[in-house]
Amino acid sequence: MANKFYITTPIYYVNASPHIGHSYTNIAADTLARHMRKSLGKDNVWFLTGTDEHGQKIQKAADESGLSPQQFVDKVVTQFKDLWQKLNISNDDFIRTTEKRHIQTVTRALEIAYAKGDIYQAQYEGWYCVPCENFCTETQVQVEDKTCPDCNRPIDKISETNYFFKLSNYQDWLIKHIESNPGFIRPQIRENEVLSFLKLNKLTDLCISRPKERLNWGIPLPFSPEHVTYVWFDALINYISAVGSFDNSGRYVSKWWDKDTQVVHLIGKDILRHHAVYWPIMLHALGIELPKEMVVFAHGWWMMGQDKMSKSRGNVVAPLDMADKYGIDTYRYFLLRDVPFGLDGNFSEESIIKRFNSDLANDLGNLVYRTLTMIEKYFQGQIPGLVALDEQGKNILASIKALPKESGDLLSLNFSFSLSLERIWNSIAMANKYVEETKPWNLAKENKIDELKSFIRLLVEVIRASGDEIDPFMPQTAVSIKEQFGKKEIKKGNPLFPRIDTKSKPNSRLPAGR
RNA sequence: CGCGGGGUGGAGCAGCCUGGUAGCUCGUCAGGCUCAUAACCUGAAGGUCGCAAGUUCAAAUCUUGCCCCCGCAACCA
């Protein structure tokens with residue numbers, strides 16, 4: 001079992017503003033990082049996110065806005081950084097592909113691969129649309145009229161010199177590696193997908209360059225001043241350029257990339273092939289050993305009703321709007337609870353409100369509130385001690401004792417955010433049921449003080465235990481629960497999650513900024 | 001005959017690999033209770049498990065055929 005944990009998100013392409021999908025990956029990664037910090041210690045966890053800033057589209061977007069590429073990316077990067085701060089993303093580092101440390105590592109990696117003979121020069125031939133400045137794939141081209149699928153203008157077949165990375169050399173190695181490391185690609189269905197793709201197709205070598213006359217916003221190839229590095233070779237390297245470097249002999253050295261570290265790459269299912277095929281081959285070719293417990297986990301997509309979310313359809317949801325409207329923790333909770341990680345989900349404000357009312361307000365919030373009230377009412381704001389426990393009380397105690405391991409394993413072993421939360425909510429439901437069955441109001445009337453004491457103390461224990469497990473998912477809520485039960489004299493105060501009234505006028509009461 | 005995912009009570013899903021009383025959440029209805037945010041707890045109604053055939057003592061679950069939906073060009077998690 002590894003004793004260090006290194007988790008990454010993709011580096012996001014900064015040609016547009018962040019959307020719900022970006023925030024999904026980062027919230028998941030953040031939750032895992034927070035959880036692992038609790039079990040391995042703060043110093044043994046490293047959480048990386050960042051931005052991908054080179055390439056044609058960025059150059060183009062910069063031109064259109066009248067800025068230099070650097071000015072343009074500097075501007076958009078701020079949006080990402082601000083968002084992560086707002087959403088309580090606890091990343092330890094933030095890498096930009098325009099940083100010196102990254103450029104140096106990419107350059108070294110290219111040199112090493114080139115020297116090994118894994119990079120070669122060849123002619124690249126394809127259909128090129130001059131106005132769009134883009135190659136169209138063979139399938140995209142309407143062959144008869146030879147026009148560009150985007151702009152319908154004529155395209156030309158052109159040929160240019162480029163550099164290629166020999167993926168094909170390592171195909172057999174990769175198949176073997178995947179087969180002998182179950183759990184490397186997750187969920188299982190993605191592993192099957194990759195394996196069958198690898199077995200059914202011969203990998204074509206990866207084009208890793210662009211001629212400078214077409215694109216100069218990129219990292220120059222060290223062995224050819226006429227070319228810059230194409231984005232994917234550039235981008236994937238971020239995972240190692242951020243946490244280490246090559247020494248003089250070309251050996252990669254890093255605290256976060258060794259036998260004792262579990263490396264986890266969280267990605268969206270759209271970039272599975274890059275991470276499950278190109279990336280391991282690149283590492284292997286560079287002589288970098290893949291950590292034994294390395295995981296590439298491809299999660300699903302958020303759909304907007306029946307449609308895919310896309311910029312062109314104009315149905316992109318801005319994470320900040322949702323967080324502002326419903327609260328940061330609510331947003332985090334919803335994304336991780338509503339849909340199993342790995343599957344696609346449907347996004348709607350209606351389902352956020354549903355989750356909010358039933359899980360957060362009714363189950364958790366109400367449990368906290370009614371418990372606080374009883375402490376105030378029956379014990380003048382002092383949390384009583386455990387005096388005597390009946391059978392049911394013992395069962396409850398046993399159940400919350402088992403909670404950390406059970407909910408924790410679902411997270412760290414299975415990446416099942418939703419099931420982990422479900423397990424926590426079992427405890428909450430159990431406590432609510434316990435209240436009904438114990439009928440504390442009767443105990444009070446009958447003056448059964450010892451029973452009442454133990455009963456309330458047990459409720460507090462359930463809330464504390466649940467709060468600890470909720471912490472990685474909803475950091476603010478966890479703090480707030482701790483505070484409420486940590487006061488010298490406990491008062492009920494305001495509800496944690498005031499119910500959203502959907503029956504009368506909408507938007508009448510929204511939760512405060514938490 | 002391209003590849004993959006899916007079709008289970010009103011909604012969203014689990015179960016299928018390793019056949020054997022069809023489960024969960026939400027919603028609906030009824031009841032209970034009052035510590036609580038009309039919240040909580042209990043119970044009920046509601047399903048020929050896409051269609052058809054086959055294997056079997058027994059199929060949501062295995063086999064075959066068919067029908068329907070969604071991805072597989074780009075932006076992009």
# chains A, B, ... in the order shown; residues from 1 in each chain; ligands from 1

call {"tool": "interface_residues", "arguments": {"of": "chain A", "to": "chain B", "cutoff": "7 Å", "atoms": "only C-alpha atoms (C1' of nucleotides)", "output": "PyMOL selection string"}}
result
chain A and resi 21-22+24-25+140+267-268+301+310-312+361-362+366+369-370+373-374+432-433+436+441+495+498-499

call {"tool": "write_last_selection", "arguments": {"atoms": "N, CA, C and O atoms", "output": "JSON list (two decimals), in the first residue's frame"}}
result
[["chain", "number", "residue", "atom", "x", "y", "z"],
["A", 21, "GLY", "N", -18.32, 21.11, -16.12],
["A", 21, "GLY", "CA", -17.47, 19.93, -16.24],
["A", 21, "GLY", "C", -16.11, 20.12, -15.60],
["A", 21, "GLY", "O", -15.61, 19.24, -14.91],
["A", 22, "HIS", "N", -15.51, 21.28, -15.84],
["A", 22, "HIS", "CA", -14.23, 21.56, -15.18],
["A", 22, "HIS", "C", -14.39, 21.49, -13.66],
["A", 22, "HIS", "O", -13.57, 20.91, -12.96],
["A", 24, "TYR", "N", -16.55, 19.91, -11.95],
["A", 24, "TYR", "CA", -16.85, 18.53, -11.51],
["A", 24, "TYR", "C", -15.55, 17.78, -11.21],
["A", 24, "TYR", "O", -15.38, 17.21, -10.14],
["A", 25, "THR", "N", -14.65, 17.77, -12.17],
["A", 25, "THR", "CA", -13.39, 17.06, -11.97],
["A", 25, "THR", "C", -12.62, 17.62, -10.78],
["A", 25, "THR", "O", -12.07, 16.87, -9.98],
["A", 140, "GLN", "N", -14.15, 13.84, -42.35],
["A", 140, "GLN", "CA", -14.89, 15.09, -42.28],
["A", 140, "GLN", "C", -15.10, 15.71, -43.65],
["A", 140, "GLN", "O", -16.08, 16.40, -43.89],
["A", 267, "ILE", "N", -9.92, 12.18, -15.05],
["A", 267, "ILE", "CA", -10.16, 12.80, -16.35],
["A", 267, "ILE", "C", -11.61, 12.62, -16.77],
["A", 267, "ILE", "O", -12.34, 11.82, -16.18],
["A", 268, "GLY", "N", -12.02, 13.33, -17.79],
["A", 268, "GLY", "CA", -13.33, 13.09, -18.39],
["A", 268, "GLY", "C", -13.20, 12.02, -19.44],
["A", 268, "GLY", "O", -12.12, 11.78, -19.97],
["A", 301, "TRP", "N", -20.09, 12.39, -18.15],
["A", 301, "TRP", "CA", -20.43, 13.75, -18.55],
["A", 301, "TRP", "C", -21.72, 14.22, -17.92],
["A", 301, "TRP", "O", -22.63, 13.42, -17.70],
["A", 310, "SER", "N", -22.65, 21.95, -24.53],
["A", 310, "SER", "CA", -21.62, 22.37, -25.43],
["A", 310, "SER", "C", -21.68, 23.87, -25.65],
["A", 310, "SER", "O", -22.73, 24.49, -25.54],
["A", 311, "LYS", "N", -20.54, 24.40, -25.95],
["A", 311, "LYS", "CA", -20.47, 25.84, -26.18],
["A", 311, "LYS", "C", -21.31, 26.22, -27.38],
["A", 311, "LYS", "O", -21.98, 27.25, -27.38],
["A", 312, "SER", "N", -21.30, 25.35, -28.40],
["A", 312, "SER", "CA", -22.02, 25.73, -29.61],
["A", 312, "SER", "C", -23.53, 25.70, -29.40],
["A", 312, "SER", "O", -24.27, 26.42, -30.03],
["A", 361, "ALA", "N", -31.42, 19.71, 3.85],
["A", 361, "ALA", "CA", -32.31, 20.39, 4.80],
["A", 361, "ALA", "C", -33.03, 19.38, 5.69],
["A", 361, "ALA", "O", -32.91, 19.42, 6.91],
["A", 362, "ASN", "N", -33.74, 18.43, 5.09],
["A", 362, "ASN", "CA", -34.58, 17.53, 5.89],
["A", 362, "ASN", "C", -33.78, 16.53, 6.71],
["A", 362, "ASN", "O", -34.06, 16.33, 7.89],
["A", 366, "ASN", "N", -31.96, 19.17, 9.55],
["A", 366, "ASN", "CA", -32.98, 19.02, 10.57],
["A", 366, "ASN", "C", -32.50, 18.21, 11.77],
["A", 366, "ASN", "O", -32.84, 18.50, 12.91],
["A", 369, "TYR", "N", -30.44, 20.49, 13.81],
["A", 369, "TYR", "CA", -31.26, 21.52, 14.43],
["A", 369, "TYR", "C", -32.07, 20.97, 15.61],
["A", 369, "TYR", "O", -32.13, 21.57, 16.68],
["A", 370, "ARG", "N", -32.66, 19.81, 15.41],
["A", 370, "ARG", "CA", -33.49, 19.27, 16.49],
["A", 370, "ARG", "C", -32.62, 18.84, 17.66],
["A", 370, "ARG", "O", -33.02, 18.94, 18.81],
["A", 373, "THR", "N", -31.63, 21.95, 19.57],
["A", 373, "THR", "CA", -32.78, 22.42, 20.33],
["A", 373, "THR", "C", -32.93, 21.65, 21.64],
["A", 373, "THR", "O", -33.18, 22.22, 22.69],
["A", 374, "MET", "N", -32.75, 20.32, 21.53],
["A", 374, "MET", "CA", -32.92, 19.51, 22.73],
["A", 374, "MET", "C", -31.82, 19.77, 23.75],
["A", 374, "MET", "O", -32.07, 19.77, 24.95],
["A", 432, "ASN", "N", -32.14, 9.91, 12.91],
["A", 432, "ASN", "CA", -33.50, 10.45, 12.86],
["A", 432, "ASN", "C", -34.51, 9.42, 13.33],
["A", 432, "ASN", "O", -35.49, 9.74, 14.01],
["A", 433, "LYS", "N", -34.25, 8.18, 12.95],
["A", 433, "LYS", "CA", -35.15, 7.11, 13.37],
["A", 433, "LYS", "C", -35.06, 6.90, 14.88],
["A", 433, "LYS", "O", -36.06, 6.67, 15.56],
["A", 436, "GLU", "N", -37.31, 9.11, 16.84],
["A", 436, "GLU", "CA", -38.71, 8.70, 16.85],
["A", 436, "GLU", "C", -38.94, 7.55, 17.82],
["A", 436, "GLU", "O", -39.93, 7.51, 18.55],
["A", 441, "TRP", "N", -39.23, 13.35, 24.27],
["A", 441, "TRP", "CA", -40.20, 14.21, 24.96],
["A", 441, "TRP", "C", -40.90, 13.46, 26.09],
["A", 441, "TRP", "O", -41.25, 14.04, 27.10],
["A", 495, "PRO", "N", -30.87, 27.44, 11.08],
["A", 495, "PRO", "CA", -30.72, 26.15, 10.41],
["A", 495, "PRO", "C", -29.52, 26.16, 9.46],
["A", 495, "PRO", "O", -29.23, 27.17, 8.83],
["A", 498, "PRO", "N", -31.55, 26.08, 5.28],
["A", 498, "PRO", "CA", -32.97, 26.42, 5.26],
["A", 498, "PRO", "C", -33.64, 25.91, 4.00],
["A", 498, "PRO", "O", -33.16, 26.16, 2.90],
["A", 499, "ARG", "N", -34.68, 25.16, 4.19],
["A", 499, "ARG", "CA", -35.42, 24.56, 3.09],
["A", 499, "ARG", "C", -35.79, 25.57, 2.02],
["A", 499, "ARG", "O", -36.19, 26.69, 2.32]]

call {"tool": "residues_around", "arguments": {"residues": "B:U28", "least_positions_apart": "6", "cutoff": "12 Å", "atoms": "only C-alpha atoms (C1' of nucleotides)", "output": "list in words"}}
result
G10, A11, A44, A45 and G46 of chain B

call {"tool": "write_last_selection", "arguments": {"atoms": "N, CA and C atoms (P, O5', C5', C4', C3', O3' and C1' of nucleotides)", "output": "PDB file, in the first residue's frame"}}
result
ATOM      1  P     G B  10     -45.536   3.951 -14.209  1.00  0.00           P
ATOM      2  O5'   G B  10     -46.140   5.341 -13.737  1.00  0.00           O
ATOM      3  C5'   G B  10     -46.461   6.343 -14.694  1.00  0.00           C
ATOM      4  C4'   G B  10     -45.897   7.667 -14.273  1.00  0.00           C
ATOM      5  C3'   G B  10     -44.377   7.724 -14.202  1.00  0.00           C
ATOM      6  O3'   G B  10     -43.804   7.969 -15.473  1.00  0.00           O
ATOM      7  C1'   G B  10     -45.275   8.651 -12.228  1.00  0.00           C
ATOM      8  P     A B  11     -42.325   7.480 -15.782  1.00  0.00           P
ATOM      9  O5'   A B  11     -41.484   8.557 -14.958  1.00  0.00           O
ATOM     10  C5'   A B  11     -41.312   9.889 -15.444  1.00  0.00           C
ATOM     11  C4'   A B  11     -40.261  10.600 -14.628  1.00  0.00           C
ATOM     12  C3'   A B  11     -38.914   9.896 -14.580  1.00  0.00           C
ATOM     13  O3'   A B  11     -38.114  10.216 -15.703  1.00  0.00           O
ATOM     14  C1'   A B  11     -39.570  10.460 -12.383  1.00  0.00           C
ATOM     15  P     A B  44     -46.770  -1.897   3.700  1.00  0.00           P
ATOM     16  O5'   A B  44     -47.908  -1.101   2.915  1.00  0.00           O
ATOM     17  C5'   A B  44     -49.280  -1.422   3.114  1.00  0.00           C
ATOM     18  C4'   A B  44     -50.131  -0.517   2.265  1.00  0.00           C
ATOM     19  C3'   A B  44     -49.854  -0.589   0.770  1.00  0.00           C
ATOM     20  O3'   A B  44     -50.561  -1.662   0.182  1.00  0.00           O
ATOM     21  C1'   A B  44     -49.977   1.679   1.451  1.00  0.00           C
ATOM     22  P     A B  45     -49.998  -2.316  -1.154  1.00  0.00           P
ATOM     23  O5'   A B  45     -50.522  -1.293  -2.260  1.00  0.00           O
ATOM     24  C5'   A B  45     -51.926  -1.072  -2.435  1.00  0.00           C
ATOM     25  C4'   A B  45     -52.128   0.138  -3.311  1.00  0.00           C
ATOM     26  C3'   A B  45     -51.474   0.029  -4.687  1.00  0.00           C
ATOM     27  O3'   A B  45     -52.342  -0.623  -5.600  1.00  0.00           O
ATOM     28  C1'   A B  45     -50.927   2.112  -3.701  1.00  0.00           C
ATOM     29  P     G B  46     -51.792  -1.833  -6.455  1.00  0.00           P
ATOM     30  O5'   G B  46     -50.911  -1.083  -7.539  1.00  0.00           O
ATOM     31  C5'   G B  46     -51.506  -0.114  -8.415  1.00  0.00           C
ATOM     32  C4'   G B  46     -50.421   0.728  -9.020  1.00  0.00           C
ATOM     33  C3'   G B  46     -49.279  -0.077  -9.640  1.00  0.00           C
ATOM     34  O3'   G B  46     -49.585  -0.450 -10.963  1.00  0.00           O
ATOM     35  C1'   G B  46     -48.400   1.616  -8.232  1.00  0.00           C
TER      36        G B  46
END

call {"tool": "select_by_dssp", "arguments": {"residues": "stretch 257-364 of chain A", "states": "helix (DSSP H, G or I)", "output": "PyMOL selection string"}}
result
chain A and resi 269-285+319-326+328-338+349-364

call {"tool": "write_last_selection", "arguments": {"atoms": "C-alpha atoms", "output": "PDB file, in the first residue's frame"}}
result
ATOM      1  CA  LYS A 269     -14.202  10.193 -20.629  1.00  0.00           C
ATOM      2  CA  ASP A 270     -13.483  12.298 -23.717  1.00  0.00           C
ATOM      3  CA  ILE A 271      -9.751  12.294 -23.117  1.00  0.00           C
ATOM      4  CA  LEU A 272      -9.467   8.642 -22.169  1.00  0.00           C
ATOM      5  CA  ARG A 273      -7.342   7.660 -25.133  1.00  0.00           C
ATOM      6  CA  HIS A 274      -4.774  10.331 -24.482  1.00  0.00           C
ATOM      7  CA  HIS A 275      -4.377   9.256 -20.881  1.00  0.00           C
ATOM      8  CA  ALA A 276      -4.758   5.517 -21.262  1.00  0.00           C
ATOM      9  CA  VAL A 277      -2.722   5.112 -24.441  1.00  0.00           C
ATOM     10  CA  TYR A 278      -0.457   8.054 -25.282  1.00  0.00           C
ATOM     11  CA  TRP A 279       0.511   8.916 -21.735  1.00  0.00           C
ATOM     12  CA  PRO A 280       1.674   5.532 -20.455  1.00  0.00           C
ATOM     13  CA  ILE A 281       3.578   4.990 -23.680  1.00  0.00           C
ATOM     14  CA  MET A 282       5.244   8.371 -23.374  1.00  0.00           C
ATOM     15  CA  LEU A 283       6.277   7.592 -19.818  1.00  0.00           C
ATOM     16  CA  HIS A 284       7.579   4.199 -20.755  1.00  0.00           C
ATOM     17  CA  ALA A 285       9.517   5.590 -23.708  1.00  0.00           C
ATOM     18  CA  PRO A 319     -20.303  26.890 -11.951  1.00  0.00           C
ATOM     19  CA  LEU A 320     -20.053  30.217 -10.201  1.00  0.00           C
ATOM     20  CA  ASP A 321     -23.704  30.994 -10.847  1.00  0.00           C
ATOM     21  CA  MET A 322     -24.780  27.715  -9.289  1.00  0.00           C
ATOM     22  CA  ALA A 323     -22.468  28.073  -6.314  1.00  0.00           C
ATOM     23  CA  ASP A 324     -23.699  31.605  -5.718  1.00  0.00           C
ATOM     24  CA  LYS A 325     -27.300  30.614  -6.003  1.00  0.00           C
ATOM     25  CA  TYR A 326     -27.356  27.405  -3.979  1.00  0.00           C
ATOM     26  CA  ILE A 328     -20.749  26.108  -2.523  1.00  0.00           C
ATOM     27  CA  ASP A 329     -21.205  23.011  -0.416  1.00  0.00           C
ATOM     28  CA  THR A 330     -24.588  22.314  -1.924  1.00  0.00           C
ATOM     29  CA  TYR A 331     -23.074  22.470  -5.376  1.00  0.00           C
ATOM     30  CA  ARG A 332     -20.227  20.196  -4.355  1.00  0.00           C
ATOM     31  CA  TYR A 333     -22.626  17.783  -2.690  1.00  0.00           C
ATOM     32  CA  PHE A 334     -24.973  17.659  -5.623  1.00  0.00           C
ATOM     33  CA  LEU A 335     -22.312  16.887  -8.208  1.00  0.00           C
ATOM     34  CA  LEU A 336     -20.789  14.067  -6.206  1.00  0.00           C
ATOM     35  CA  ARG A 337     -23.998  12.619  -4.806  1.00  0.00           C
ATOM     36  CA  ASP A 338     -26.501  12.686  -7.630  1.00  0.00           C
ATOM     37  CA  GLU A 349     -31.557  23.141 -11.047  1.00  0.00           C
ATOM     38  CA  GLU A 350     -34.636  21.199 -10.168  1.00  0.00           C
ATOM     39  CA  SER A 351     -32.567  18.215  -9.115  1.00  0.00           C
ATOM     40  CA  ILE A 352     -30.230  20.436  -7.127  1.00  0.00           C
ATOM     41  CA  ILE A 353     -33.213  21.753  -5.209  1.00  0.00           C
ATOM     42  CA  LYS A 354     -34.516  18.239  -4.667  1.00  0.00           C
ATOM     43  CA  ARG A 355     -31.214  17.073  -3.267  1.00  0.00           C
ATOM     44  CA  PHE A 356     -30.929  20.175  -1.186  1.00  0.00           C
ATOM     45  CA  ASN A 357     -34.320  19.868   0.411  1.00  0.00           C
ATOM     46  CA  SER A 358     -34.391  16.168   1.049  1.00  0.00           C
ATOM     47  CA  ASP A 359     -30.780  15.363   1.916  1.00  0.00           C
ATOM     48  CA  LEU A 360     -29.354  18.568   3.256  1.00  0.00           C
ATOM     49  CA  ALA A 361     -32.307  20.388   4.799  1.00  0.00           C
ATOM     50  CA  ASN A 362     -34.577  17.529   5.893  1.00  0.00           C
ATOM     51  CA  ASP A 363     -32.099  14.819   6.810  1.00  0.00           C
ATOM     52  CA  LEU A 364     -28.884  16.453   7.914  1.00  0.00           C
TER      53      LEU A 364
END

call {"tool": "residues_around", "arguments": {"residues": "A:Thr97", "least_positions_apart": "5", "cutoff": "12 Å", "atoms": "only C-alpha atoms (C1' of nucleotides)", "output": "JSON, numbers by chain"}}
result
{"A": [10, 11, 12, 13, 14, 49, 50, 51, 52, 53, 54, 55, 70, 73, 74, 77, 102, 103, 104, 105, 106, 107, 217, 218, 219, 229, 231, 232, 233, 234, 235, 236, 237, 238, 239, 240, 241, 242]}

call {"tool": "write_last_selection", "arguments": {"atoms": "N, CA, C and O atoms", "output": "compact mmCIF listing (two decimals), in the first residue's frame"}}
result
# COMPACT_ATOMS: atom_id res chain seq x y z
N PRO A 10 -7.12 17.12 -15.25
CA PRO A 10 -6.55 17.55 -16.52
C PRO A 10 -6.14 19.01 -16.39
O PRO A 10 -6.63 19.72 -15.52
N ILE A 11 -5.24 19.44 -17.26
CA ILE A 11 -5.01 20.88 -17.31
C ILE A 11 -5.99 21.41 -18.35
O ILE A 11 -6.16 20.84 -19.42
N TYR A 12 -6.69 22.43 -17.98
CA TYR A 12 -7.81 22.87 -18.81
C TYR A 12 -7.36 23.84 -19.89
O TYR A 12 -6.49 24.67 -19.68
N TYR A 13 -7.96 23.66 -21.04
CA TYR A 13 -7.62 24.49 -22.18
C TYR A 13 -8.27 25.85 -21.99
O TYR A 13 -9.49 25.94 -21.81
N VAL A 14 -7.49 26.90 -22.06
CA VAL A 14 -7.99 28.20 -21.63
C VAL A 14 -8.54 29.05 -22.78
O VAL A 14 -8.49 30.28 -22.71
N THR A 49 -3.56 20.84 -10.18
CA THR A 49 -4.42 21.19 -11.30
C THR A 49 -3.68 22.25 -12.11
O THR A 49 -2.58 22.65 -11.74
N GLY A 50 -4.27 22.71 -13.20
CA GLY A 50 -3.55 23.70 -13.99
C GLY A 50 -4.24 24.00 -15.30
O GLY A 50 -5.41 23.69 -15.49
N THR A 51 -3.48 24.63 -16.18
CA THR A 51 -4.05 25.05 -17.46
C THR A 51 -3.12 24.75 -18.63
O THR A 51 -1.90 24.79 -18.51
N ASP A 52 -3.74 24.46 -19.74
CA ASP A 52 -3.08 24.14 -20.99
C ASP A 52 -3.17 25.38 -21.86
O ASP A 52 -4.28 25.83 -22.16
N GLU A 53 -2.07 25.96 -22.24
CA GLU A 53 -2.14 27.32 -22.76
C GLU A 53 -1.55 27.52 -24.15
O GLU A 53 -1.48 28.65 -24.64
N HIS A 54 -1.08 26.43 -24.77
CA HIS A 54 -0.52 26.60 -26.10
C HIS A 54 -1.51 26.18 -27.17
O HIS A 54 -2.58 25.65 -26.87
N GLY A 55 -1.15 26.41 -28.41
CA GLY A 55 -1.93 25.84 -29.50
C GLY A 55 -2.67 26.85 -30.35
O GLY A 55 -2.81 28.02 -30.01
N GLN A 70 0.08 35.54 -24.79
CA GLN A 70 0.41 35.55 -23.36
C GLN A 70 -0.58 36.40 -22.57
O GLN A 70 -1.08 35.97 -21.53
N VAL A 73 -3.93 34.41 -22.36
CA VAL A 73 -4.00 33.30 -21.41
C VAL A 73 -3.91 33.79 -19.97
O VAL A 73 -4.57 33.27 -19.08
N ASP A 74 -3.10 34.83 -19.76
CA ASP A 74 -3.02 35.38 -18.40
C ASP A 74 -4.39 35.79 -17.90
O ASP A 74 -4.73 35.65 -16.73
N VAL A 77 -6.69 32.56 -17.34
CA VAL A 77 -6.22 31.75 -16.22
C VAL A 77 -6.77 32.27 -14.89
O VAL A 77 -7.12 31.49 -14.00
N HIS A 102 7.81 23.96 -16.86
CA HIS A 102 7.15 23.03 -17.78
C HIS A 102 7.87 22.99 -19.13
O HIS A 102 8.14 21.93 -19.67
N ILE A 103 8.15 24.16 -19.65
CA ILE A 103 8.82 24.23 -20.95
C ILE A 103 10.16 23.49 -20.91
O ILE A 103 10.49 22.73 -21.83
N GLN A 104 10.89 23.65 -19.82
CA GLN A 104 12.17 22.95 -19.69
C GLN A 104 11.99 21.44 -19.71
O GLN A 104 12.73 20.72 -20.39
N THR A 105 10.99 20.98 -18.97
CA THR A 105 10.79 19.53 -18.90
C THR A 105 10.32 18.96 -20.24
O THR A 105 10.77 17.89 -20.65
N VAL A 106 9.45 19.68 -20.90
CA VAL A 106 8.99 19.21 -22.21
C VAL A 106 10.18 19.15 -23.17
O VAL A 106 10.35 18.17 -23.91
N THR A 107 11.00 20.17 -23.13
CA THR A 107 12.16 20.21 -24.01
C THR A 107 13.09 19.02 -23.75
O THR A 107 13.52 18.34 -24.68
N TRP A 217 2.73 29.71 -31.40
CA TRP A 217 2.44 29.75 -29.96
C TRP A 217 2.57 28.35 -29.39
O TRP A 217 1.59 27.61 -29.26
N GLY A 218 3.81 27.97 -29.12
CA GLY A 218 4.06 26.63 -28.61
C GLY A 218 5.52 26.49 -28.22
O GLY A 218 6.30 27.43 -28.34
N ILE A 219 5.86 25.31 -27.72
CA ILE A 219 7.22 25.06 -27.28
C ILE A 219 8.05 24.58 -28.47
O ILE A 219 7.70 23.59 -29.11
N THR A 229 5.95 22.25 -30.55
CA THR A 229 5.35 21.01 -30.09
C THR A 229 3.83 21.09 -30.18
O THR A 229 3.23 22.07 -29.77
N VAL A 231 0.01 20.27 -29.09
CA VAL A 231 -0.47 20.40 -27.72
C VAL A 231 -0.50 19.14 -26.86
O VAL A 231 -0.20 19.20 -25.68
N TRP A 232 -0.86 17.98 -27.42
CA TRP A 232 -1.01 16.84 -26.50
C TRP A 232 0.30 16.37 -25.90
O TRP A 232 0.36 16.02 -24.73
N PHE A 233 1.34 16.36 -26.70
CA PHE A 233 2.63 15.95 -26.14
C PHE A 233 3.05 16.96 -25.06
O PHE A 233 3.52 16.60 -23.98
N ASP A 234 2.81 18.20 -25.36
CA ASP A 234 3.07 19.29 -24.42
C ASP A 234 2.24 19.11 -23.14
O ASP A 234 2.76 19.09 -22.03
N ALA A 235 0.95 18.92 -23.31
CA ALA A 235 0.03 18.94 -22.17
C ALA A 235 0.26 17.79 -21.19
O ALA A 235 0.32 18.00 -19.99
N LEU A 236 0.37 16.58 -21.70
CA LEU A 236 0.46 15.42 -20.81
C LEU A 236 1.68 15.50 -19.88
O LEU A 236 1.64 15.04 -18.75
N ILE A 237 2.74 16.09 -20.41
CA ILE A 237 3.97 16.19 -19.62
C ILE A 237 3.76 16.98 -18.32
O ILE A 237 4.51 16.85 -17.37
N ASN A 238 2.70 17.77 -18.25
CA ASN A 238 2.48 18.60 -17.06
C ASN A 238 2.48 17.77 -15.78
O ASN A 238 2.90 18.24 -14.73
N TYR A 239 2.00 16.52 -15.89
CA TYR A 239 1.90 15.70 -14.70
C TYR A 239 3.26 15.39 -14.08
O TYR A 239 3.35 15.12 -12.89
N ILE A 240 4.30 15.42 -14.91
CA ILE A 240 5.63 15.20 -14.34
C ILE A 240 6.45 16.49 -14.24
O ILE A 240 7.31 16.62 -13.39
N SER A 241 6.13 17.46 -15.08
CA SER A 241 6.92 18.69 -15.01
C SER A 241 6.61 19.47 -13.75
O SER A 241 7.43 20.24 -13.26
N ALA A 242 5.44 19.27 -13.20
CA ALA A 242 5.04 20.02 -12.01
C ALA A 242 5.70 19.50 -10.74
O ALA A 242 5.84 20.22 -9.77

call {"tool": "residues_around", "arguments": {"residues": "stretch 51-64 of chain B", "least_positions_apart": "2", "cutoff": "8 Å", "atoms": "only C-alpha atoms (C1' of nucleotides)", "output": "ChimeraX atom specification"}}
result
/B:8,16,19-20,22,49,66-67

call {"tool": "select_by_dssp", "arguments": {"residues": "stretch 29-146 of chain A", "states": "strand (DSSP E)", "output": "PyMOL selection string"}}
result
chain A and resi 45-52+93-96+119-129+134-136

call {"tool": "write_last_selection", "arguments": {"atoms": "C-alpha atoms", "output": "compact mmCIF listing (two decimals), in the first residue's frame"}}
result
# COMPACT_ATOMS: atom_id res chain seq x y z
CA VAL A 45 -0.64 14.23 -0.42
CA TRP A 46 -0.08 16.36 -3.49
CA PHE A 47 -2.97 17.75 -5.50
CA LEU A 48 -2.23 19.32 -8.88
CA THR A 49 -4.42 21.19 -11.30
CA GLY A 50 -3.55 23.70 -13.99
CA THR A 51 -4.05 25.05 -17.46
CA ASP A 52 -3.08 24.14 -20.99
CA ASP A 93 0.05 23.51 -6.97
CA PHE A 94 -1.23 25.03 -10.17
CA ILE A 95 0.75 24.43 -13.32
CA ARG A 96 0.58 26.44 -16.51
CA ILE A 119 10.76 10.50 -32.70
CA TYR A 120 11.18 10.65 -36.44
CA GLN A 121 10.54 13.06 -39.26
CA ALA A 122 8.00 12.45 -42.00
CA GLN A 123 5.71 14.14 -44.45
CA TYR A 124 2.25 14.88 -43.20
CA GLU A 125 -0.40 15.05 -45.83
CA GLY A 126 -3.95 16.20 -45.35
CA TRP A 127 -6.83 18.42 -46.31
CA TYR A 128 -6.17 21.92 -45.15
CA CYS A 129 -8.60 24.81 -44.95
CA ASN A 134 -7.19 23.80 -39.78
CA PHE A 135 -6.70 20.31 -41.03
CA CYS A 136 -9.84 18.33 -41.65

call {"tool": "closest_residue", "arguments": {"among": "A:Leu419, A:Leu215, A:Ile400, A:Ile7", "to": "A:His265", "atoms": "only C-alpha atoms"}}
result
A:Ile7
